[in-house]
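K.L.:
One file is attached below, work_34.cif, containing mmCIF, C-alpha atoms and all ligand atoms.
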```cif
data_start
loop_
_atom_site.label_atom_id
_atom_site.label_comp_id
_atom_site.auth_asym_id
_atom_site.auth_seq_id
_atom_site.Cartn_x
_atom_site.Cartn_y
_atom_site.Cartn_z
CA MET A 1 -5.21 6.12 31.23
CA SER A 2 -6.92 8.18 33.97
CA ASN A 3 -4.20 9.98 35.84
CA PRO A 4 -0.88 8.44 34.83
CA LEU A 5 2.19 8.81 37.00
CA HIS A 6 4.23 11.70 35.66
CA ILE A 7 7.67 13.16 36.22
CA ASN A 8 8.28 16.42 38.10
CA ALA A 9 8.52 18.76 35.10
CA GLY A 10 9.89 21.75 37.01
CA ARG A 11 12.64 19.67 38.57
CA LEU A 12 13.73 18.19 35.24
CA LEU A 13 13.67 21.54 33.43
CA GLY A 14 15.56 23.08 36.35
CA ASP A 15 18.24 20.38 36.12
CA ILE A 16 18.64 20.99 32.38
CA ALA A 17 19.03 24.73 32.96
CA ASP A 18 21.49 24.20 35.85
CA LEU A 19 23.65 21.78 33.88
CA ALA A 20 23.67 24.10 30.85
CA ARG A 21 25.47 26.70 32.97
CA ILE A 22 28.48 24.38 33.17
CA GLY A 23 30.57 25.05 30.08
CA ALA A 24 28.15 27.74 28.90
CA SER A 25 29.64 29.44 25.81
CA ASP A 26 29.42 33.08 24.75
CA SER A 27 27.24 31.99 21.82
CA GLY A 28 24.56 30.68 24.19
CA GLY A 29 25.55 27.08 23.67
CA VAL A 30 27.49 24.61 25.77
CA HIS A 31 31.17 23.71 25.41
CA ARG A 32 31.89 20.56 27.42
CA PRO A 33 34.24 18.33 25.37
CA ALA A 34 34.79 15.00 27.10
CA LEU A 35 37.31 15.00 29.97
CA SER A 36 37.78 18.77 29.69
CA PRO A 37 37.61 20.82 32.92
CA ALA A 38 33.98 21.71 32.06
CA ASP A 39 33.11 18.03 31.58
CA ILE A 40 34.79 17.17 34.88
CA GLU A 41 32.70 19.89 36.53
CA ALA A 42 29.52 18.50 34.92
CA ARG A 43 30.38 15.00 36.14
CA ALA A 44 30.81 16.31 39.69
CA TRP A 45 27.48 18.12 39.37
CA PHE A 46 25.77 14.91 38.27
CA ARG A 47 27.27 12.95 41.17
CA GLU A 48 25.90 15.59 43.54
CA ARG A 49 22.41 15.51 41.91
CA THR A 50 22.53 11.74 42.28
CA ARG A 51 23.35 12.03 45.98
CA THR A 52 20.72 14.71 46.71
CA GLY A 53 18.23 12.53 44.82
CA GLY A 54 18.83 9.87 47.45
CA PHE A 55 20.75 7.47 45.22
CA ARG A 56 24.15 5.88 45.61
CA PRO A 57 26.46 7.45 42.97
CA GLY A 58 28.35 4.85 40.96
CA GLU A 59 31.28 5.01 38.54
CA ASP A 60 32.95 2.25 36.53
CA GLY A 61 36.47 1.99 35.14
CA ALA A 62 35.45 3.93 32.03
CA GLY A 63 34.15 6.85 34.09
CA ASN A 64 30.52 6.03 33.26
CA LEU A 65 28.52 7.63 36.08
CA SER A 66 25.43 6.00 37.60
CA ALA A 67 22.53 6.61 39.94
CA VAL A 68 21.06 3.31 41.14
CA LEU A 69 17.54 2.50 42.36
CA PRO A 70 17.84 -1.02 43.79
CA ALA A 71 15.15 -3.67 43.25
CA ALA A 72 13.56 -5.66 46.08
CA ASP A 73 15.51 -8.68 44.87
CA PRO A 74 19.26 -8.00 45.08
CA SER A 75 19.87 -10.46 42.23
CA ALA A 76 17.45 -8.62 39.92
CA ARG A 77 18.71 -7.63 36.48
CA THR A 78 19.41 -3.98 35.70
CA LEU A 79 17.43 -1.81 33.30
CA LEU A 80 19.82 0.93 32.18
CA LEU A 81 18.55 4.31 31.02
CA GLY A 82 20.76 7.24 30.10
CA SER A 83 22.90 9.00 27.52
CA HIS A 84 25.94 11.32 27.79
CA LEU A 85 26.94 14.63 29.47
CA ASP A 86 29.80 15.57 27.13
CA THR A 87 29.14 17.85 24.14
CA VAL A 88 30.68 18.72 20.80
CA PRO A 89 32.64 21.98 20.74
CA ASP A 90 30.17 24.85 21.26
CA GLY A 91 27.18 22.52 21.02
CA GLY A 92 23.68 22.60 22.42
CA ARG A 93 22.28 22.01 25.91
CA PHE A 94 20.03 19.03 25.07
CA ASP A 95 22.20 16.58 23.06
CA GLY A 96 22.93 13.86 25.62
CA ALA A 97 22.07 15.89 28.72
CA LEU A 98 18.35 15.38 28.14
CA GLY A 99 18.71 11.60 28.24
CA VAL A 100 20.84 11.55 31.38
CA LEU A 101 18.69 14.02 33.32
CA ALA A 102 15.40 12.46 32.21
CA ALA A 103 16.74 9.09 33.37
CA LEU A 104 17.57 10.54 36.80
CA GLU A 105 14.13 12.14 36.96
CA VAL A 106 12.46 8.80 36.13
CA LEU A 107 14.32 7.15 39.03
CA ARG A 108 13.32 9.97 41.42
CA THR A 109 9.67 9.75 40.30
CA ILE A 110 9.49 5.98 40.74
CA ARG A 111 11.15 6.13 44.16
CA GLU A 112 8.83 8.94 45.32
CA ALA A 113 5.82 6.95 44.08
CA GLY A 114 6.96 4.10 46.32
CA LEU A 115 6.94 1.68 43.39
CA ILE A 116 9.10 -1.42 43.97
CA LEU A 117 9.97 -2.91 40.61
CA PRO A 118 11.33 -6.37 39.77
CA VAL A 119 14.29 -4.72 38.03
CA ARG A 120 17.14 -2.62 39.35
CA LEU A 121 17.07 0.80 37.65
CA GLU A 122 20.30 2.57 36.76
CA ALA A 123 20.52 6.06 35.27
CA ILE A 124 23.85 6.22 33.43
CA ALA A 125 26.00 8.96 31.88
CA PHE A 126 28.45 7.48 29.37
CA THR A 127 31.91 8.96 28.92
CA ASP A 128 32.91 10.70 25.66
CA GLU A 129 29.96 9.79 23.44
CA GLU A 130 30.85 12.60 21.03
CA GLY A 131 34.33 11.30 20.32
CA THR A 132 36.38 14.25 21.50
CA HIS A 133 38.90 11.47 22.02
CA ILE A 134 37.18 8.19 21.04
CA SER A 135 33.56 7.97 19.85
CA LEU A 136 31.19 6.11 22.18
CA LEU A 137 34.15 5.54 24.52
CA GLY A 138 32.21 4.82 27.71
CA SER A 139 29.42 2.76 26.17
CA LYS A 140 31.89 0.77 24.04
CA ALA A 141 33.81 0.03 27.24
CA ALA A 142 30.63 -1.03 29.06
CA ALA A 143 29.68 -3.26 26.13
CA GLY A 144 33.12 -4.84 26.05
CA LEU A 145 33.68 -3.49 22.53
CA LEU A 146 36.81 -1.49 23.37
CA ALA A 147 40.15 -3.00 22.37
CA GLU A 148 43.59 -1.73 23.37
CA ALA A 149 44.24 -0.81 19.72
CA ASP A 150 41.20 1.53 19.83
CA LEU A 151 43.07 3.68 22.35
CA GLU A 152 46.02 4.19 19.97
CA HIS A 153 44.44 6.74 17.60
CA PRO A 154 42.26 9.17 19.57
CA HIS A 155 40.58 11.91 17.50
CA SER A 156 42.42 14.42 19.71
CA SER A 157 46.00 13.30 20.29
CA ARG A 158 47.61 10.74 22.57
CA GLU A 159 48.86 13.57 24.81
CA ALA A 160 45.42 15.25 25.04
CA PHE A 161 43.72 11.89 25.67
CA ALA A 162 46.21 10.98 28.41
CA ALA A 163 45.76 14.40 30.03
CA GLY A 164 41.96 14.02 29.91
CA LEU A 165 42.06 10.55 31.45
CA ALA A 166 44.35 11.81 34.21
CA ARG A 167 42.03 14.79 34.86
CA ALA A 168 39.12 12.36 35.33
CA GLY A 169 41.18 9.88 37.34
CA LEU A 170 40.82 7.22 34.63
CA THR A 171 43.34 4.79 33.15
CA PRO A 172 43.50 2.69 29.96
CA GLU A 173 43.35 -0.42 32.16
CA GLY A 174 40.18 0.88 33.79
CA LEU A 175 38.63 1.57 30.38
CA LEU A 176 39.38 -1.95 29.22
CA SER A 177 37.96 -3.52 32.39
CA ALA A 178 34.56 -1.76 32.43
CA ARG A 179 32.63 -4.46 30.55
CA ARG A 180 29.17 -5.19 32.03
CA ASP A 181 27.97 -8.79 32.26
CA PRO A 182 25.18 -9.02 29.66
CA ALA A 183 23.36 -11.54 31.87
CA SER A 184 23.05 -8.83 34.54
CA LEU A 185 21.16 -6.50 32.18
CA ALA A 186 17.45 -6.35 31.33
CA GLY A 187 17.91 -3.71 28.63
CA TYR A 188 18.92 -0.14 27.78
CA LEU A 189 16.72 2.87 26.98
CA GLU A 190 17.80 6.30 25.74
CA LEU A 191 15.76 9.47 25.36
CA HIS A 192 17.42 11.89 22.91
CA ILE A 193 16.60 14.92 20.79
CA GLU A 194 16.07 13.96 17.14
CA GLN A 195 18.71 16.38 15.84
CA GLY A 196 16.76 16.41 12.58
CA ALA A 197 13.44 17.89 11.43
CA ARG A 198 11.26 14.89 10.63
CA LEU A 199 9.22 14.99 13.89
CA GLU A 200 8.72 18.75 13.67
CA GLN A 201 7.76 18.63 9.97
CA SER A 202 5.24 15.82 10.54
CA GLY A 203 3.89 17.27 13.79
CA THR A 204 4.73 14.06 15.67
CA ASP A 205 5.44 13.99 19.41
CA ILE A 206 7.74 10.96 19.71
CA GLY A 207 10.22 9.29 17.34
CA VAL A 208 10.65 5.55 17.91
CA VAL A 209 14.08 4.63 16.63
CA THR A 210 14.25 1.45 14.55
CA ALA A 211 17.96 1.56 13.65
CA ILE A 212 21.07 3.75 13.86
CA VAL A 213 23.34 4.44 10.89
CA GLY A 214 26.79 2.93 10.54
CA ILE A 215 29.63 5.46 10.81
CA ARG A 216 33.24 5.30 9.63
CA SER A 217 36.01 7.90 10.04
CA PHE A 218 39.57 8.35 8.78
CA TRP A 219 42.40 10.86 8.88
CA LEU A 220 43.54 11.59 5.30
CA THR A 221 47.01 13.16 5.13
CA PHE A 222 47.98 14.66 1.75
CA THR A 223 51.73 15.38 1.55
CA GLY A 224 53.34 17.41 -1.26
CA GLU A 225 56.09 20.00 -1.02
CA ALA A 226 56.06 23.34 0.76
CA ALA A 227 57.11 26.03 -1.71
CA HIS A 228 57.52 29.80 -2.10
CA ALA A 229 54.07 31.20 -2.98
CA GLY A 230 55.61 33.64 -5.45
CA THR A 231 58.52 31.94 -7.10
CA MET A 232 57.09 28.43 -7.56
CA PRO A 233 55.04 28.47 -10.82
CA LEU A 234 51.58 26.97 -10.34
CA PRO A 235 52.06 24.08 -12.80
CA ASP A 236 55.17 22.97 -10.89
CA ARG A 237 53.60 22.94 -7.44
CA ARG A 238 52.86 19.86 -5.34
CA ASP A 239 50.30 21.68 -3.25
CA ALA A 240 48.78 19.42 -0.58
CA LEU A 241 45.71 21.61 -0.11
CA TRP A 242 44.83 21.39 -3.81
CA GLY A 243 44.67 17.61 -3.50
CA ALA A 244 42.51 17.78 -0.36
CA ALA A 245 40.21 20.40 -1.89
CA ALA A 246 39.77 18.39 -5.10
CA PHE A 247 38.91 15.33 -3.00
CA ILE A 248 36.31 17.11 -0.84
CA GLY A 249 34.34 18.37 -3.85
CA ARG A 250 34.43 15.00 -5.60
CA ALA A 251 33.51 13.07 -2.44
CA ARG A 252 30.44 15.26 -1.90
CA ALA A 253 29.37 14.78 -5.54
CA ALA A 254 29.85 11.01 -5.32
CA VAL A 255 27.69 10.64 -2.20
CA LEU A 256 24.97 12.87 -3.67
CA ALA A 257 25.02 10.86 -6.90
CA ASP A 258 25.47 7.29 -5.68
CA PHE A 259 25.05 6.84 -1.92
CA MET A 260 22.00 8.78 -0.71
CA PRO A 261 20.60 8.88 1.95
CA GLY A 262 24.17 8.46 3.19
CA THR A 263 26.23 11.45 4.29
CA MET A 264 29.89 12.48 4.25
CA ASN A 265 31.64 15.19 6.23
CA CYS A 266 35.06 16.80 6.47
CA GLY A 267 34.85 18.60 9.79
CA ILE A 268 38.54 19.30 10.41
CA ILE A 269 41.37 20.38 8.09
CA SER A 270 44.84 21.48 9.09
CA VAL A 271 47.41 22.86 6.64
CA THR A 272 51.14 23.11 7.29
CA PRO A 273 53.40 25.04 7.41
CA GLY A 274 50.46 27.54 7.28
CA ALA A 275 51.47 31.01 6.02
CA PHE A 276 50.23 33.46 3.43
CA ASN A 277 53.39 33.05 1.39
CA ILE A 278 53.96 29.27 1.55
CA ALA A 279 52.29 26.74 -0.74
CA PRO A 280 51.02 24.03 1.66
CA GLY A 281 53.30 21.06 2.07
CA GLN A 282 50.76 19.01 4.01
CA ALA A 283 46.97 18.91 4.49
CA ARG A 284 45.40 16.71 7.18
CA LEU A 285 41.70 16.07 6.68
CA ALA A 286 39.10 14.42 8.95
CA LEU A 287 36.74 12.30 6.82
CA GLU A 288 33.56 10.76 8.23
CA PHE A 289 30.73 9.07 6.35
CA ARG A 290 27.45 7.33 7.33
CA HIS A 291 24.84 5.03 5.89
CA PRO A 292 21.95 2.95 7.30
CA ASP A 293 23.20 -0.13 5.40
CA THR A 294 26.60 -1.55 6.38
CA ALA A 295 27.11 -3.13 2.93
CA VAL A 296 26.67 0.29 1.29
CA LEU A 297 29.01 1.80 3.90
CA GLU A 298 31.62 -0.67 2.64
CA GLU A 299 31.06 0.55 -0.94
CA MET A 300 31.28 4.17 0.20
CA GLU A 301 34.62 3.49 1.87
CA ALA A 302 36.07 1.95 -1.30
CA ALA A 303 34.74 4.75 -3.51
CA LEU A 304 35.79 7.65 -1.27
CA LEU A 305 39.30 6.33 -0.59
CA ALA A 306 39.74 5.74 -4.34
CA LEU A 307 38.77 9.37 -4.96
CA ALA A 308 41.30 10.49 -2.34
CA GLY A 309 44.04 8.43 -4.00
CA ALA A 310 43.21 9.83 -7.44
CA ALA A 311 43.21 13.44 -6.21
CA ALA A 312 46.60 12.88 -4.54
CA GLU A 313 48.06 11.36 -7.69
CA GLU A 314 46.74 14.21 -9.84
CA HIS A 315 48.65 16.72 -7.71
CA GLY A 316 51.81 14.65 -7.25
CA LEU A 317 51.08 14.04 -3.58
CA GLN A 318 51.54 11.18 -1.12
CA LEU A 319 48.37 10.04 0.66
CA ALA A 320 48.29 8.43 4.11
CA VAL A 321 44.95 6.92 5.25
CA THR A 322 44.57 6.35 9.02
CA PRO A 323 41.40 4.55 10.18
CA VAL A 324 39.95 6.26 13.25
CA GLY A 325 36.48 4.85 13.90
CA SER A 326 34.02 2.28 12.61
CA VAL A 327 30.58 1.43 14.01
CA ALA A 328 28.23 -0.87 12.11
CA ALA A 329 24.64 0.12 11.32
CA THR A 330 22.63 -1.04 14.33
CA PRO A 331 19.01 -2.23 14.28
CA LEU A 332 17.43 -1.68 17.74
CA ALA A 333 15.39 -4.24 19.70
CA ALA A 334 11.85 -4.95 18.52
CA ASP A 335 10.68 -5.45 22.13
CA MET A 336 11.97 -2.01 23.06
CA ILE A 337 10.34 -0.42 20.00
CA ALA A 338 7.02 -2.00 20.97
CA ALA A 339 7.33 -0.94 24.64
CA ILE A 340 8.04 2.68 23.66
CA GLU A 341 5.03 2.68 21.31
CA ARG A 342 2.75 1.23 24.03
CA ALA A 343 3.93 3.89 26.48
CA ALA A 344 3.34 6.69 23.95
CA ASP A 345 -0.13 5.32 23.20
CA ARG A 346 -0.89 5.08 26.93
CA LEU A 347 -0.07 8.79 27.26
CA GLY A 348 -1.86 9.77 24.08
CA ARG A 349 1.32 10.85 22.34
CA SER A 350 1.64 10.53 18.57
CA HIS A 351 4.66 8.56 17.40
CA MET A 352 6.45 7.47 14.25
CA ARG A 353 9.22 4.99 13.54
CA LEU A 354 12.41 6.40 12.10
CA ALA A 355 16.10 5.61 11.60
CA SER A 356 18.70 7.72 13.38
CA PHE A 357 21.41 9.39 11.27
CA ALA A 358 23.10 10.47 14.47
CA GLY A 359 25.21 7.97 16.34
CA HIS A 360 24.31 7.13 19.95
CA ASP A 361 25.44 5.05 22.92
CA ALA A 362 22.53 2.72 22.15
CA MET A 363 24.68 1.40 19.26
CA SER A 364 27.15 0.01 21.78
CA MET A 365 24.57 -1.20 24.28
CA GLN A 366 22.57 -3.11 21.64
CA ALA A 367 25.60 -5.41 21.35
CA ILE A 368 25.00 -6.77 24.86
CA THR A 369 21.37 -6.05 25.78
CA PRO A 370 18.08 -5.20 24.02
CA SER A 371 18.25 -1.44 23.46
CA GLY A 372 15.72 1.19 22.47
CA MET A 373 15.69 4.91 21.76
CA LEU A 374 12.99 7.54 21.67
CA PHE A 375 13.34 11.00 20.15
CA VAL A 376 11.67 14.31 20.83
CA PRO A 377 11.57 17.09 18.22
CA SER A 378 14.45 19.49 17.51
CA VAL A 379 13.31 22.94 16.37
CA GLY A 380 14.37 23.37 12.75
CA GLY A 381 16.33 20.12 13.04
CA ILE A 382 19.22 22.19 14.43
CA SER A 383 21.82 20.38 16.56
CA HIS A 384 25.57 20.33 17.19
CA ASN A 385 24.99 24.07 17.27
CA PRO A 386 24.37 26.58 20.09
CA GLY A 387 20.93 27.15 18.57
CA GLU A 388 19.75 23.60 19.44
CA VAL A 389 16.25 23.87 20.97
CA THR A 390 13.54 21.44 22.10
CA PRO A 391 10.40 23.02 23.62
CA ASP A 392 9.75 22.37 27.33
CA ALA A 393 6.49 20.56 26.56
CA ASP A 394 8.34 18.09 24.33
CA ILE A 395 11.03 17.55 26.98
CA VAL A 396 8.40 16.73 29.59
CA SER A 397 6.45 14.57 27.14
CA GLY A 398 9.58 12.59 26.23
CA ALA A 399 10.52 12.06 29.88
CA ASN A 400 7.00 10.82 30.68
CA VAL A 401 7.10 8.37 27.76
CA LEU A 402 10.49 7.18 29.03
CA LEU A 403 8.96 6.74 32.52
CA HIS A 404 6.04 4.68 31.20
CA THR A 405 8.31 2.64 28.94
CA VAL A 406 10.29 1.69 32.06
CA LEU A 407 7.07 0.77 33.91
CA ASP A 408 5.89 -1.23 30.90
CA LEU A 409 9.15 -3.18 30.69
CA ALA A 410 9.10 -3.73 34.46
CA GLY A 411 5.58 -5.16 34.18
CA ALA A 412 4.23 -2.30 36.24
CA ALA A 413 2.42 -0.36 33.55
CA ASP A 414 -0.87 -0.69 35.40
CA ARG A 415 0.67 0.66 38.59
CA GLY A 416 1.74 3.75 36.70
CA SER A 417 -1.76 5.17 36.79
O1 LIG B 501 28.04 12.26 15.77
C1 LIG B 501 26.95 11.84 16.17
O2 LIG B 501 26.14 11.41 15.40
C2 LIG B 501 26.65 11.89 17.64
O3 LIG B 501 26.10 13.15 17.93
N1 LIG B 501 27.81 11.65 18.43
MN MN B 502 24.06 12.63 21.56
MN MN B 503 25.97 14.69 19.45
#
```
Would you kindly transcribe this structure into structure tokens?

P.N.:
Amino acid sequence: MSNPLHINAGRLLGDIADLARIGASDSGGVHRPALSPADIEARAWFRERTRTGGFRPGEDGAGNLSAVLPAADPSARTLLLGSHLDTVPDGGRFDGALGVLAALEVLRTIREAGLILPVRLEAIAFTDEEGTHISLLGSKAAAGLLAEADLEHPHSSREAFAAGLARAGLTPEGLLSARRDPASLAGYLELHIEQGARLEQSGTDIGVVTAIVGIRSFWLTFTGEAAHAGTMPLPDRRDALWGAAAFIGRARAAVLADFMPGTMNCGIISVTPGAFNIAPGQARLALEFRHPDTAVLEEMEAALLALAGAAAEEHGLQLAVTPVGSVAATPLAADMIAAIERAADRLGRSHMRLASFAGHDAMSMQAITPSGMLFVPSVGGISHNPGEVTPDADIVSGANVLLHTVLDLAGAADRGS
């Protein structure tokens, strides 16, 4: 392609740097948990960037924020492109933000090029992708996948979730009413950092995502008996932390032995009463596990919960298992995969197909419209860490492939030159 339309690199990189200042952490990362004051500030910043970009800012009942580039035909279907602005605690500046800001940049570039497409373009920032409260909250709401029961067990707490909703001016009723009409959609595209090292290790520019792993999460509460750390002989203890610790080691061994390339993680543990001189009466553990095959995920659930039960029994403990989240493994749309590959080829970018072991809003959107994802490399595969880095050249390359994928899907690939 002679001189293909390209995004304004300086503007996109400037947006990423500006946004990263909101919730900037001492460690050089970004701390913007969903619906926190920093997230609210980032949402206001995005609305303003939408306005100054010449677009009408939109927001649905789930707090999903939009910039809209109308089509000539008011009844045209909408091609959504976006990701999320919220982060994990002390995370990186690219996870989610890249996809939202690249989407906004694509809309600005197309508008400035005077291209009138047969589809309405909407850059979207989904609420709480990371699950500070509820994983994929905004995209699940948009896909009509959110049920009232899902709001009962937020990862945080019902009080923290209610406070966050109030801070953002959202309500449970609004969340449950945010479903998009699938007939109004032409598809969904998401640019994201890989958060792994396969692209970097293979020297490939673009990852074309074929499927996203299934993910399940539970609270495991081991309850024994608080006791005096000195006077209660070890053999007589019912120490809740011993049960949890025994489980964690055995769960890791079981996944390594029987469920690769699946993963398991215990990212939160709380012990009560919590003192040097008290044997723990209760240990509350966050368990999450993933696998590309939903049938194997089912087997993992049975095996891991059996291990938890056995560890509890061994230490004379009660075990309570509270389901928190469950998302099935999600194959992405073949048409989207092909369009991303054509766009990468058109721009002379190398590409490879790969599965995503990170969850994404595309999992929700695939339920109601053909969805696709493209990855750019993460240095050292580091993510969910302040040290998350993607080189500027890869950011610009990914945004240009996103732009040309949009033009391809809109039947305007030839006008993108
Ligand atoms: O947890 C994930 O895979 C995603 O980053 N929310
Ligand atoms: Mn993400
Ligand atoms: Mn993430």

K.L.:
Do a neighbour search on stretch 70-84 of chain A at 6 Å with only C-alpha atoms, toss out local chain neighbours closer than 4 positions, and write the hits as a ChimeraX atom specification.

P.N.:
/A:96,99-100,103,117-126,184-190

K.L.:
Write the residues of the preceding selection, restricted to C-alpha atoms, as a PDB file, keeping the file's coordinate frame.

P.N.:
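selection.pdb, written as the output of this step:
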```
ATOM      1  CA  GLY A  96      22.930  13.860  25.620  1.00  0.00           C
ATOM      2  CA  GLY A  99      18.710  11.600  28.240  1.00  0.00           C
ATOM      3  CA  VAL A 100      20.840  11.550  31.380  1.00  0.00           C
ATOM      4  CA  ALA A 103      16.740   9.090  33.370  1.00  0.00           C
ATOM      5  CA  LEU A 117       9.970  -2.910  40.610  1.00  0.00           C
ATOM      6  CA  PRO A 118      11.330  -6.370  39.770  1.00  0.00           C
ATOM      7  CA  VAL A 119      14.290  -4.720  38.030  1.00  0.00           C
ATOM      8  CA  ARG A 120      17.140  -2.620  39.350  1.00  0.00           C
ATOM      9  CA  LEU A 121      17.070   0.800  37.650  1.00  0.00           C
ATOM     10  CA  GLU A 122      20.300   2.570  36.760  1.00  0.00           C
ATOM     11  CA  ALA A 123      20.520   6.060  35.270  1.00  0.00           C
ATOM     12  CA  ILE A 124      23.850   6.220  33.430  1.00  0.00           C
ATOM     13  CA  ALA A 125      26.000   8.960  31.880  1.00  0.00           C
ATOM     14  CA  PHE A 126      28.450   7.480  29.370  1.00  0.00           C
ATOM     15  CA  SER A 184      23.050  -8.830  34.540  1.00  0.00           C
ATOM     16  CA  LEU A 185      21.160  -6.500  32.180  1.00  0.00           C
ATOM     17  CA  ALA A 186      17.450  -6.350  31.330  1.00  0.00           C
ATOM     18  CA  GLY A 187      17.910  -3.710  28.630  1.00  0.00           C
ATOM     19  CA  TYR A 188      18.920  -0.140  27.780  1.00  0.00           C
ATOM     20  CA  LEU A 189      16.720   2.870  26.980  1.00  0.00           C
ATOM     21  CA  GLU A 190      17.800   6.300  25.740  1.00  0.00           C
TER      22      GLU A 190
END
```

K.L.:
Which of these, A:Leu98, A:Leu115, A:Ala279, A:Leu402, has the shortest distance to ligand MN 502 (chain B) once you count only C-alpha atoms and all ligand atoms?

P.N.:
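Between A:Leu98, A:Leu115, A:Ala279, A:Leu402, the residue approaching ligand MN 502 (chain B) most closely is A:Leu98.
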
K.L.:
Please return, as a PyMOL selection string, all polymer residues that have at least one atom within 12 Å of the point (27.8, 26.2, 30.8); use only C-alpha atoms and the file's own coordinate frame.

P.N.:
chain A and resi 16-33+37-39+41-42+45+85-87+89-93+97+386

K.L.:
Counting all atoms listed in the file, what are the residues of chain A within 8 Å of ligand MN 503 (chain B), and for each of them which pair of atoms is the nearest and at what distance in Å, to one decimal? Sort the table by chain and rising number, as CSV.

P.N.:
```
residue,atom,partner,partner_atom,distance
A:Thr87,CA,B:MN503,MN,6.5
A:Val88,CA,B:MN503,MN,6.3
A:Asp95,CA,B:MN503,MN,5.6
A:Gly96,CA,B:MN503,MN,6.9
A:Glu129,CA,B:MN503,MN,7.5
A:Glu130,CA,B:MN503,MN,5.5
A:Ala358,CA,B:MN503,MN,7.1
A:Gly359,CA,B:MN503,MN,7.4
A:His360,CA,B:MN503,MN,7.8
A:Ser383,CA,B:MN503,MN,7.6
A:His384,CA,B:MN503,MN,6.1
```

K.L.:
Taking into account all atoms listed in the file, which residue in the set A:Glu194, A:Asp408, A:Asp239, A:Asp335 is nearest to ligand MN 502 (chain B)?

P.N.:
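When distances to ligand MN 502 (chain B) are compared using all atoms listed in the file, the smallest one comes from A:Glu194.
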
K.L.:
Box along x, y and z, 8 Å on every side, all listed atoms of ligand LIG 501 (chain B) inside: centre and edge lengths in Å to one decimal, as AutoDock Vina command-line options.

P.N.:
```
--center_x 27.1 --center_y 12.3 --center_z 16.9 --size_x 17.9 --size_y 17.7 --size_z 19.0
```

K.L.:
Identify the residues within 6 Å of coordinate (12.8, 9.3, 21.0) (same frame as the file), considering all atoms listed in the file, and give the answer as a short mmCIF file (atom, residue, chain, number, x, y, z; two decimals) with C-alpha atoms, in the frame of the given file.

P.N.:
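Result file selection21.cif:
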```cif
data_model
loop_
_atom_site.label_atom_id
_atom_site.label_comp_id
_atom_site.auth_asym_id
_atom_site.auth_seq_id
_atom_site.Cartn_x
_atom_site.Cartn_y
_atom_site.Cartn_z
CA LEU A 191 15.76 9.47 25.36
CA HIS A 192 17.42 11.89 22.91
CA ILE A 206 7.74 10.96 19.71
CA GLY A 207 10.22 9.29 17.34
CA VAL A 208 10.65 5.55 17.91
CA MET A 373 15.69 4.91 21.76
CA LEU A 374 12.99 7.54 21.67
CA PHE A 375 13.34 11.00 20.15
CA VAL A 376 11.67 14.31 20.83
#
```

K.L.:
Which stretch 319-374 of chain A residues have any atom within 9 Å of an atom of stretch 390-398 of chain A, and for each, what is the nearest pair of atoms with distance in Å to one decimal, counting only C-alpha atoms, rows sorted by chain and number, as a Markdown table?

P.N.:
```
| residue | atom | partner | partner_atom | distance |
| --- | --- | --- | --- | --- |
| A:Ala344 | CA | A:Gly398 | CA | 8.9 |
| A:Leu347 | CA | A:Ser397 | CA | 8.7 |
| A:Arg349 | CA | A:Ser397 | CA | 7.9 |
| A:Leu374 | CA | A:Gly398 | CA | 7.6 |
```

K.L.:
Nearest residue to ligand MN 502 (chain B) out of A:Ala9, A:Ala143, A:His315, A:Glu388, using all atoms listed in the file?

P.N.:
A:Glu388

K.L.:
Check the smallest atom-to-atom distance from each of A:Gly14, A:Pro280, A:Gly214, A:Gly131 to A:Phe161 using all atoms listed in the file, then report the winner.

P.N.:
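Comparing A:Gly14, A:Pro280, A:Gly214, A:Gly131 against A:Phe161, the winner is A:Gly131.
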
K.L.:
In Å, with one decimal, what is the gap from atom CA of A:Leu354 to atom CA of A:Thr210?

P.N.:
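Pair atom CA of A:Leu354 / atom CA of A:Thr210 returns 5.8 Å.
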
K.L.:
To one decimal in Å, tell me the separation between atom CA of A:Ser139 and atom CA of A:Thr127.

P.N.:
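Spanning atom CA of A:Ser139 to atom CA of A:Thr127 is a straight-line distance of 7.2 Å.
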
K.L.:
Determine the nearest neighbour of ligand MN 502 (chain B) from the options A:Glu301, A:Glu225, A:Asp128, A:Glu148, counting all atoms listed in the file.

P.N.:
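Among A:Glu301, A:Glu225, A:Asp128, A:Glu148, it is A:Asp128 that comes nearest to ligand MN 502 (chain B).
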
K.L.:
Return the single residue from A:Ile212, A:Leu317, A:Leu35, A:Ala343 that is closest to ligand LIG 501 (chain B), with distances computed using only C-alpha atoms and all ligand atoms.

P.N.:
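Among the listed residues, the smallest separation from ligand LIG 501 (chain B) belongs to A:Ile212.
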
K.L.:
Quick one: pull the distance between atom CA of A:Asp361 and atom CA of A:Arg290, Å, one decimal.

P.N.:
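So the two atoms, atom CA of A:Asp361 and atom CA of A:Arg290, lie 15.9 Å apart.
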
K.L.:
If we count all atoms listed in the file, what is near A:Leu287 at a cut-off of 8 Å, once residues fewer than 2 positions away on the same chain are taken out, given as a ChimeraX atom specification?

P.N.:
/A:217-220,264-267,285,289

K.L.:
Contacts of A:Leu146 at 10 Å or less, counting all atoms listed in the file, minus same-chain residues fewer than 6 places along, as a list of chain:residue names?

P.N.:
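Using all atoms listed in the file, the neighbours found are A:Ile134, A:Leu136, A:Leu137, A:Gly138, A:Ser139, A:Lys140, A:Leu175, A:Leu176, A:Ser177, A:Ala178, A:Arg179, A:Ser364.
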
K.L.:
Which neighbours of A:His133 fall inside 8 Å, counting all atoms listed in the file, when residues of the same chain fewer than 6 positions from it are skipped, and could you give them as a list in words?

P.N.:
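The residues satisfying every condition are Ala34, Pro154, His155, Ser156, Ser157 and Phe161 of chain A.
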